[in-house]
>>> print(open('query-v1.txt').read())   # compact mmCIF, C-alpha atoms
# COMPACT_ATOMS: atom_id res chain seq x y z
CA MET A 1 -3.12 -11.80 -4.96
CA LYS A 2 -6.81 -12.32 -5.29
CA TYR A 3 -7.81 -15.39 -7.25
CA PRO A 4 -11.26 -15.14 -8.74
CA THR A 5 -13.58 -18.10 -8.52
CA GLY A 6 -13.93 -18.47 -12.28
CA ILE A 7 -10.21 -18.96 -12.56
CA ASN A 8 -8.74 -20.46 -15.70
CA LYS A 9 -7.73 -24.10 -15.49
CA GLU A 10 -4.38 -23.60 -17.12
CA TYR A 11 -3.61 -21.21 -14.34
CA LYS A 12 -4.85 -23.43 -11.56
CA GLN A 13 -2.87 -26.42 -12.65
CA LYS A 14 0.42 -24.73 -13.16
CA THR A 15 0.64 -22.53 -10.12
CA SER A 16 0.87 -24.99 -7.28
CA HIS A 17 4.36 -23.78 -6.37
CA SER A 18 3.17 -20.18 -6.41
CA LYS A 19 0.39 -20.93 -3.99
CA ARG A 20 2.74 -21.46 -1.08
CA GLY A 21 1.89 -18.83 1.45
CA MET A 22 -1.69 -18.48 0.27
CA LYS A 23 -3.17 -19.97 3.44
CA LEU A 24 -1.25 -17.58 5.69
CA GLU A 25 -2.21 -14.73 3.37
CA LYS A 26 -5.87 -15.66 3.69
CA ASP A 27 -5.63 -15.87 7.48
CA ILE A 28 -4.00 -12.44 7.61
CA ASN A 29 -6.54 -10.93 5.24
CA ASP A 30 -9.35 -12.36 7.38
CA THR A 31 -7.67 -10.98 10.49
CA ASN A 32 -7.35 -7.54 8.89
CA GLU A 33 -11.01 -7.63 7.91
CA PHE A 34 -11.87 -8.43 11.51
CA TYR A 35 -9.73 -5.52 12.73
CA LEU A 36 -11.39 -3.19 10.24
CA ALA A 37 -14.95 -4.33 10.96
CA SER A 38 -14.29 -4.08 14.72
CA ASN A 39 -12.77 -0.61 14.30
CA ILE A 40 -9.51 -1.83 15.86
CA ALA A 41 -7.10 -1.00 13.03
CA VAL A 42 -6.96 -0.14 9.33
CA ILE A 43 -4.46 -2.51 7.75
CA HIS A 44 -4.63 -3.67 4.13
CA LYS A 45 -2.68 -5.92 1.81
CA LYS A 46 -1.13 -4.02 -1.06
CA PRO A 47 -1.96 -5.20 -4.57
CA THR A 48 0.65 -7.30 -6.37
CA PRO A 49 2.92 -5.01 -8.39
CA ILE A 50 2.87 -5.65 -12.13
CA THR A 51 4.24 -4.07 -15.27
CA LEU A 52 1.61 -3.59 -17.96
CA VAL A 53 2.66 -4.26 -21.52
CA LYS A 54 -0.55 -4.65 -23.47
CA VAL A 55 -4.06 -3.54 -22.57
CA SER A 56 -6.96 -3.66 -24.97
CA TYR A 57 -10.12 -1.59 -24.87
CA PRO A 58 -12.98 -3.50 -26.49
CA SER A 59 -15.30 -0.67 -25.47
CA ARG A 60 -14.96 2.77 -23.97
CA ASN A 61 -15.20 1.76 -20.34
CA LYS A 62 -13.76 -1.71 -20.50
CA ALA A 63 -10.09 -2.55 -20.27
CA ILE A 64 -8.57 -6.02 -20.54
CA ILE A 65 -4.95 -6.59 -19.60
CA LYS A 66 -3.56 -8.85 -22.32
CA GLU A 67 0.09 -8.93 -21.35
CA ALA A 68 1.73 -8.04 -18.05
CA TYR A 69 4.50 -9.28 -15.79
CA PHE A 70 4.94 -9.59 -12.05
CA ASN A 71 7.45 -7.16 -10.53
CA THR A 72 9.73 -7.69 -7.60
CA PRO A 73 8.02 -5.83 -4.76
CA SER A 74 9.91 -2.78 -3.47
CA THR A 75 7.99 -2.66 -0.21
CA THR A 76 6.16 -5.13 2.00
CA ASP A 77 2.72 -6.63 1.45
CA TYR A 78 0.91 -5.11 4.42
CA ASN A 79 0.69 -1.70 6.01
CA GLY A 80 -1.72 0.49 7.88
CA ILE A 81 -2.49 2.20 11.15
CA TYR A 82 -3.13 0.97 14.69
CA LYS A 83 -3.68 3.24 17.71
CA GLY A 84 -2.20 6.10 15.72
CA LYS A 85 0.99 4.17 14.89
CA TYR A 86 2.18 3.20 11.44
CA ILE A 87 2.31 -0.60 11.03
CA ASP A 88 4.27 -2.40 8.28
CA PHE A 89 5.05 -6.07 7.81
CA GLU A 90 5.72 -8.97 5.51
CA ALA A 91 4.31 -12.48 6.01
CA LYS A 92 5.93 -15.71 4.85
CA GLU A 93 5.46 -19.43 5.21
CA THR A 94 8.18 -22.02 5.50
CA SER A 95 7.87 -25.79 5.61
CA GLY A 96 11.16 -26.46 7.40
CA LYS A 97 12.48 -25.72 10.87
CA SER A 98 14.20 -22.54 9.80
CA PHE A 99 13.27 -19.49 7.76
CA PRO A 100 15.32 -19.19 4.52
CA LEU A 101 16.40 -15.55 4.04
CA SER A 102 15.96 -16.02 0.30
CA ASN A 103 12.20 -15.95 0.99
CA ILE A 104 12.31 -12.23 1.64
CA HIS A 105 13.65 -9.61 -0.77
CA ASP A 106 16.47 -7.24 0.18
CA HIS A 107 14.22 -4.34 -0.81
CA GLN A 108 11.66 -5.43 1.71
CA ILE A 109 14.21 -5.60 4.51
CA LYS A 110 15.56 -2.18 3.58
CA HIS A 111 12.01 -0.87 3.58
CA LEU A 112 11.27 -2.25 7.06
CA LYS A 113 14.53 -0.75 8.32
CA GLN A 114 13.45 2.67 6.98
CA ILE A 115 10.05 2.30 8.65
CA ASP A 116 11.78 1.53 11.95
CA ASN A 117 14.05 4.58 11.55
CA HIS A 118 11.03 6.81 11.00
CA GLY A 119 9.25 5.62 14.13
CA GLY A 120 6.95 3.00 12.62
CA ILE A 121 6.36 -0.55 13.79
CA GLY A 122 7.99 -3.02 11.38
CA PHE A 123 8.09 -6.79 11.65
CA ILE A 124 7.73 -10.08 9.84
CA ILE A 125 5.26 -12.88 10.48
CA VAL A 126 6.58 -16.36 9.73
CA ARG A 127 4.46 -19.48 9.70
CA PHE A 128 6.21 -22.81 10.18
CA THR A 129 3.60 -24.80 8.32
CA LYS A 130 4.49 -28.34 9.41
CA LEU A 131 4.76 -27.34 13.06
CA ASN A 132 1.68 -25.14 12.81
CA LEU A 133 3.47 -22.25 14.53
CA ASN A 134 3.21 -18.53 13.75
CA TYR A 135 5.86 -16.12 14.93
CA TYR A 136 6.19 -12.34 15.10
CA LEU A 137 9.78 -11.14 14.73
CA GLY A 138 10.56 -7.41 15.04
CA ILE A 139 12.70 -5.85 12.35
CA LYS A 140 15.42 -4.98 14.90
CA GLU A 141 15.67 -8.62 15.98
CA PHE A 142 15.62 -9.73 12.36
CA LEU A 143 18.53 -7.39 11.52
CA ASN A 144 20.37 -8.44 14.66
CA PHE A 145 20.45 -11.92 13.24
CA THR A 146 21.24 -11.16 9.60
CA GLU A 147 23.84 -8.48 10.29
CA ASN A 148 25.77 -10.55 12.79
CA ASN A 149 26.25 -13.81 11.01
CA GLY A 150 26.45 -15.16 7.51
CA LYS A 151 23.75 -17.80 7.85
CA LYS A 152 21.25 -18.22 5.05
CA SER A 153 18.31 -19.02 7.25
CA ILE A 154 16.99 -18.12 10.68
CA PRO A 155 16.44 -21.21 12.86
CA LEU A 156 13.18 -21.70 14.74
CA GLU A 157 15.13 -21.37 18.01
CA TYR A 158 15.88 -17.75 17.18
CA PHE A 159 12.16 -17.10 16.78
CA THR A 160 11.33 -18.78 20.08
CA GLU A 161 14.00 -16.71 21.85
CA PHE A 162 13.67 -13.30 20.18
CA GLY A 163 10.27 -13.47 18.50
CA TYR A 164 6.76 -13.88 19.86
CA LYS A 165 4.43 -16.75 19.19
CA ILE A 166 1.10 -15.66 17.76
CA LYS A 167 -1.54 -17.88 19.25
CA ASP A 168 -4.06 -19.71 17.12
CA THR A 169 -7.45 -18.21 17.73
CA TYR A 170 -10.74 -18.47 15.93
CA ASN A 171 -11.50 -14.85 15.20
CA PRO A 172 -9.24 -13.07 14.54
CA ARG A 173 -7.27 -15.99 13.11
CA ILE A 174 -3.81 -14.47 13.61
CA ASP A 175 -4.05 -11.83 16.30
CA TYR A 176 -0.67 -10.22 15.63
CA LEU A 177 -1.78 -6.90 17.09
CA LYS A 178 -1.78 -8.58 20.50
CA ILE A 179 2.02 -8.73 20.19
CA VAL A 180 2.14 -5.09 19.04
CA ASP A 181 0.00 -4.22 22.08
CA TYR A 182 2.41 -6.01 24.39
CA LEU A 183 5.53 -4.45 22.85
CA TYR A 184 4.31 -0.88 22.33
CA PHE A 185 1.23 -0.23 24.41
CA GLY A 186 1.73 -2.10 27.67
CA GLY A 187 -0.65 -4.92 26.79
CA LYS A 188 -0.47 -8.44 28.23
CA TYR A 189 1.27 -11.37 26.57
CA ASP A 190 0.49 -14.74 28.06
CA MET B 23 0.56 2.48 -13.02
CA LYS B 24 4.00 2.11 -14.41
CA TYR B 25 4.20 2.17 -18.17
CA PRO B 26 7.27 0.45 -19.53
CA THR B 27 9.24 2.06 -22.32
CA GLY B 28 8.73 -0.82 -24.71
CA ILE B 29 5.01 -0.32 -24.51
CA ASN B 30 2.71 -1.78 -27.11
CA LYS B 31 1.34 0.64 -29.69
CA GLU B 32 -2.22 -0.55 -29.46
CA TYR B 33 -2.09 0.38 -25.82
CA LYS B 34 -0.53 3.78 -26.31
CA GLN B 35 -3.04 4.88 -28.90
CA LYS B 36 -6.13 3.86 -27.08
CA THR B 37 -5.38 5.07 -23.58
CA SER B 38 -5.30 8.82 -23.94
CA HIS B 39 -8.34 9.22 -21.70
CA SER B 40 -6.76 6.96 -19.09
CA LYS B 41 -3.64 9.06 -18.95
CA ARG B 42 -5.37 11.95 -17.27
CA GLY B 43 -3.70 12.36 -13.95
CA MET B 44 -0.44 10.80 -15.10
CA LYS B 45 1.52 14.05 -14.88
CA LEU B 46 0.45 14.67 -11.29
CA GLU B 47 1.19 11.05 -10.49
CA LYS B 48 4.70 11.42 -11.86
CA ASP B 49 5.28 14.61 -9.88
CA ILE B 50 4.13 12.92 -6.69
CA ASN B 51 6.23 9.84 -7.35
CA ASP B 52 9.27 12.08 -7.93
CA THR B 53 8.49 13.96 -4.73
CA ASN B 54 8.21 10.71 -2.78
CA GLU B 55 11.53 9.55 -4.21
CA PHE B 56 13.06 12.82 -3.05
CA TYR B 57 11.59 12.36 0.43
CA LEU B 58 12.92 8.81 0.58
CA ALA B 59 16.40 9.64 -0.71
CA SER B 60 16.62 12.59 1.69
CA ASN B 61 15.45 10.41 4.59
CA ILE B 62 12.49 12.74 5.17
CA ALA B 63 9.63 10.27 4.82
CA VAL B 64 8.77 6.80 3.51
CA ILE B 65 5.73 7.19 1.27
CA HIS B 66 4.97 4.93 -1.69
CA LYS B 67 2.33 4.60 -4.34
CA LYS B 68 0.40 1.36 -4.07
CA PRO B 69 0.30 -0.88 -7.13
CA THR B 70 -2.85 -0.79 -9.24
CA PRO B 71 -5.23 -3.50 -8.03
CA ILE B 72 -6.06 -6.14 -10.61
CA THR B 73 -7.89 -9.44 -10.77
CA LEU B 74 -5.89 -12.19 -12.44
CA VAL B 75 -7.77 -14.55 -14.72
CA LYS B 76 -5.13 -16.24 -16.80
CA VAL B 77 -1.41 -16.58 -16.19
CA SER B 78 0.86 -18.76 -18.26
CA TYR B 79 4.20 -20.23 -17.24
CA PRO B 80 6.40 -20.76 -20.30
CA SER B 81 9.20 -21.86 -17.96
CA ARG B 82 9.57 -22.63 -14.28
CA ASN B 83 10.51 -19.13 -13.15
CA LYS B 84 8.66 -17.06 -15.70
CA ALA B 85 5.06 -15.98 -15.46
CA ILE B 86 3.12 -14.00 -18.05
CA ILE B 87 -0.23 -12.52 -17.20
CA LYS B 88 -2.45 -13.21 -20.23
CA GLU B 89 -5.76 -11.97 -18.94
CA ALA B 90 -6.53 -9.67 -16.05
CA TYR B 91 -8.87 -6.80 -15.18
CA PHE B 92 -8.51 -3.56 -13.28
CA ASN B 93 -10.32 -3.46 -9.94
CA THR B 94 -11.96 -0.53 -8.27
CA PRO B 95 -9.48 0.48 -5.57
CA SER B 96 -10.69 -0.04 -1.99
CA THR B 97 -8.10 2.29 -0.50
CA THR B 98 -6.12 5.30 -1.67
CA ASP B 99 -3.08 5.35 -3.94
CA TYR B 100 -0.50 6.65 -1.48
CA ASN B 101 0.45 5.92 2.09
CA GLY B 102 3.45 5.86 4.36
CA ILE B 103 5.12 7.41 7.38
CA TYR B 104 6.38 10.91 8.20
CA LYS B 105 7.84 11.94 11.56
CA GLY B 106 6.29 8.86 13.11
CA LYS B 107 2.81 9.68 11.79
CA TYR B 108 0.76 7.60 9.37
CA ILE B 109 0.11 9.50 6.11
CA ASP B 110 -2.59 8.56 3.58
CA PHE B 111 -3.87 10.40 0.54
CA GLU B 112 -5.37 10.31 -2.92
CA ALA B 113 -4.28 12.60 -5.78
CA LYS B 114 -6.48 13.74 -8.66
CA GLU B 115 -6.37 16.14 -11.56
CA THR B 116 -9.25 18.18 -12.88
CA SER B 117 -9.35 20.42 -15.94
CA GLY B 118 -12.22 22.62 -14.77
CA LYS B 119 -12.65 25.15 -11.99
CA SER B 120 -14.18 22.62 -9.63
CA PHE B 121 -13.39 19.09 -8.50
CA PRO B 122 -16.04 16.55 -9.57
CA LEU B 123 -16.79 14.18 -6.69
CA SER B 124 -17.23 11.38 -9.22
CA ASN B 125 -13.43 11.49 -9.60
CA ILE B 126 -12.96 9.85 -6.24
CA HIS B 127 -14.48 6.52 -5.16
CA ASP B 128 -16.74 6.24 -2.11
CA HIS B 129 -14.45 3.48 -0.81
CA GLN B 130 -11.53 5.86 -0.85
CA ILE B 131 -13.42 8.52 1.11
CA LYS B 132 -14.54 5.92 3.63
CA HIS B 133 -10.95 4.75 3.93
CA LEU B 134 -9.62 8.28 4.56
CA LYS B 135 -12.33 8.78 7.18
CA GLN B 136 -11.20 5.59 8.95
CA ILE B 137 -7.57 6.78 8.82
CA ASP B 138 -8.60 10.05 10.41
CA ASN B 139 -10.55 8.22 13.13
CA HIS B 140 -7.48 6.14 13.97
CA GLY B 141 -5.21 9.16 14.35
CA GLY B 142 -3.61 9.20 10.91
CA ILE B 143 -3.20 12.15 8.55
CA GLY B 144 -5.60 11.83 5.61
CA PHE B 145 -6.07 14.27 2.74
CA ILE B 146 -6.49 14.67 -1.00
CA ILE B 147 -4.27 16.53 -3.43
CA VAL B 148 -6.11 18.12 -6.35
CA ARG B 149 -4.44 19.66 -9.36
CA PHE B 150 -6.40 22.19 -11.38
CA THR B 151 -4.50 21.56 -14.59
CA LYS B 152 -5.55 24.59 -16.64
CA LEU B 153 -4.88 26.97 -13.76
CA ASN B 154 -1.70 25.13 -12.81
CA LEU B 155 -2.72 25.04 -9.14
CA ASN B 156 -2.22 22.24 -6.63
CA TYR B 157 -4.25 22.07 -3.45
CA TYR B 158 -4.10 20.05 -0.25
CA LEU B 159 -7.52 19.45 1.31
CA GLY B 160 -7.78 17.64 4.65
CA ILE B 161 -10.27 14.80 4.88
CA LYS B 162 -12.24 16.65 7.61
CA GLU B 163 -12.66 19.66 5.32
CA PHE B 164 -13.54 17.38 2.42
CA LEU B 165 -16.27 15.68 4.48
CA ASN B 166 -17.48 19.03 5.78
CA PHE B 167 -18.27 19.91 2.20
CA THR B 168 -19.73 16.63 0.99
CA GLU B 169 -21.81 15.91 4.10
CA ASN B 170 -23.36 19.36 4.23
CA ASN B 171 -24.59 19.87 0.72
CA GLY B 172 -25.71 17.87 -2.24
CA LYS B 173 -23.32 19.38 -4.79
CA LYS B 174 -21.58 17.09 -7.21
CA SER B 175 -18.31 18.99 -7.29
CA ILE B 176 -16.18 21.08 -4.95
CA PRO B 177 -15.54 24.56 -6.37
CA LEU B 178 -12.01 25.98 -6.45
CA GLU B 179 -13.14 28.65 -3.96
CA TYR B 180 -13.66 25.96 -1.32
CA PHE B 181 -10.06 24.83 -1.84
CA THR B 182 -8.73 28.38 -1.56
CA GLU B 183 -10.68 28.89 1.66
CA PHE B 184 -10.35 25.54 3.42
CA GLY B 185 -7.44 23.93 1.61
CA TYR B 186 -3.78 24.84 1.26
CA LYS B 187 -2.01 25.71 -1.94
CA ILE B 188 1.04 23.54 -2.57
CA LYS B 189 3.67 25.73 -4.14
CA ASP B 190 5.44 24.79 -7.34
CA THR B 191 9.02 24.05 -6.55
CA TYR B 192 11.77 22.37 -8.46
CA ASN B 193 12.77 19.60 -6.10
CA PRO B 194 10.65 18.27 -4.55
CA ARG B 195 8.07 19.05 -7.24
CA ILE B 196 5.02 18.93 -4.97
CA ASP B 197 6.15 19.55 -1.42
CA TYR B 198 2.93 18.46 0.24
CA LEU B 199 4.69 17.56 3.49
CA LYS B 200 5.25 21.29 4.00
CA ILE B 201 1.49 21.55 4.55
CA VAL B 202 1.54 18.54 6.87
CA ASP B 203 4.38 20.23 8.77
CA TYR B 204 2.32 23.39 9.13
CA LEU B 205 -0.84 21.60 10.22
CA TYR B 206 0.64 18.97 12.55
CA PHE B 207 4.17 19.91 13.55
CA GLY B 208 4.17 23.70 13.95
CA GLY B 209 5.95 24.37 10.66
CA LYS B 210 5.67 27.59 8.68
CA TYR B 211 3.30 28.16 5.76
CA ASP B 212 4.01 31.24 3.68
>>> encode(input="query-v1.txt", output="structure tokens")
Amino acid sequence: MKYPTGINKEYKQKTSHSKRGMKLEKDINDTNEFYLASNIAVIHKKPTPITLVKVSYPSRNKAIIKEAYFNTPSTTDYNGIYKGKYIDFEAKETSGKSFPLSNIHDHQIKHLKQIDNHGGIGFIIVRFTKLNLNYYLGIKEFLNFTENNGKKSIPLEYFTEFGYKIKDTYNPRIDYLKIVDYLYFGGKYD
Amino acid sequence: MKYPTGINKEYKQKTSHSKRGMKLEKDINDTNEFYLASNIAVIHKKPTPITLVKVSYPSRNKAIIKEAYFNTPSTTDYNGIYKGKYIDFEAKETSGKSFPLSNIHDHQIKHLKQIDNHGGIGFIIVRFTKLNLNYYLGIKEFLNFTENNGKKSIPLEYFTEFGYKIKDTYNPRIDYLKIVDYLYFGGKYD
């Protein structure tokens, strides 16, 4: 979601719980802008899906949405292309020492599974906010966890063992393509 | 855009000019659903980009968008994966015998050019509504036209010469991947 600067106060005050994940989102958007400007990759965040109910047209070329609702997303937030490969991922923050599976929709997991089946690169990025750690976890490793036990959250230990830490850097902020390079293109991971 | 069934009357009456292109959009969405259900490809329409201004929260888990505006899209409407390749396109209708370039945003052309540079498959689908013809035009052929003359629209003849007619079929409605198959995977085009 893009929040304009002239944002309504009512909105600002009441959305604190919805703003979780905004910092990670900003870091990823900045990273994607860096990739695009540097001609490294073309990866964009998808707009937030909504259902329109009421739109008014005060003049011919102006439309104001007067009533709409947020939809449950059927795909992930980010996709694009890198070195000719299709890239698709979801990014989430968590404040604890494990990643609650309720944070990610079933539809999104199903989508990433389909991407993997069709030869794309699917993964999730999870930020452990209090520990200031970002992890890349491939969709195969994600499914390996969820399909083989009934736990409701993935512990940090699983990420350290089967995921890849994304180092904090200045620009790009979250260089997740370094992990993709290591896993798919013979790049270094140190 | 997804228009709910319980749509407001004010909206319905005043949006006739905005509904141009809706029929093609529906046909492409149906086609993409067919591809997905048949495990042929994973291609989705992106949500319409909006800028939120005012959202109210009548209860903890309910959000109503009270004021928002449509943004100019920075990418195309459709992308996804087919046979491991990244697919990206924009679809437009035109009622005349040529395709007005004003129908497609500069950002979208730039985006398709970037996709092409990174090894993806980028194109546009144009429906000539009165002639009931659908054409696939590759981004390279599109740019060949726009970069080599100052015309404000691409005549149908250019599509018949450098594009590919997408045949009307029942299911899928608009089998555009048949053209992709022909151009990139040695498939037949008859």
>>> interface_residues(input="query-v1.txt", of="chain B", to="chain A", cutoff="7 Å", atoms="only C-alpha atoms", output="PyMOL selection string")
chain B and resi 24-26+29-30+33+64+68-71+73-78+85-91+103-108+137+140-142
>>> residues_around(input="query-v1.txt", residues="Gly118 in chain B", least_positions_apart="3", cutoff="8 Å", atoms="all atoms listed in the file", output="PyMOL selection string")
chain B and resi 121+150-152
>>> atom_distance(input="query-v1.txt", atom1="CA of Asn156 in chain B", atom2="CA of Leu46 in chain B")
9.3 Å
>>> atom_distance(input="query-v1.txt", atom1="CA of Asn54 in chain B", atom2="CA of Leu153 in chain B")
23.6 Å
>>> atom_distance(input="query-v1.txt", atom1="CA of Ile201 in chain B", atom2="CA of Ser124 in chain B")
25.4 Å
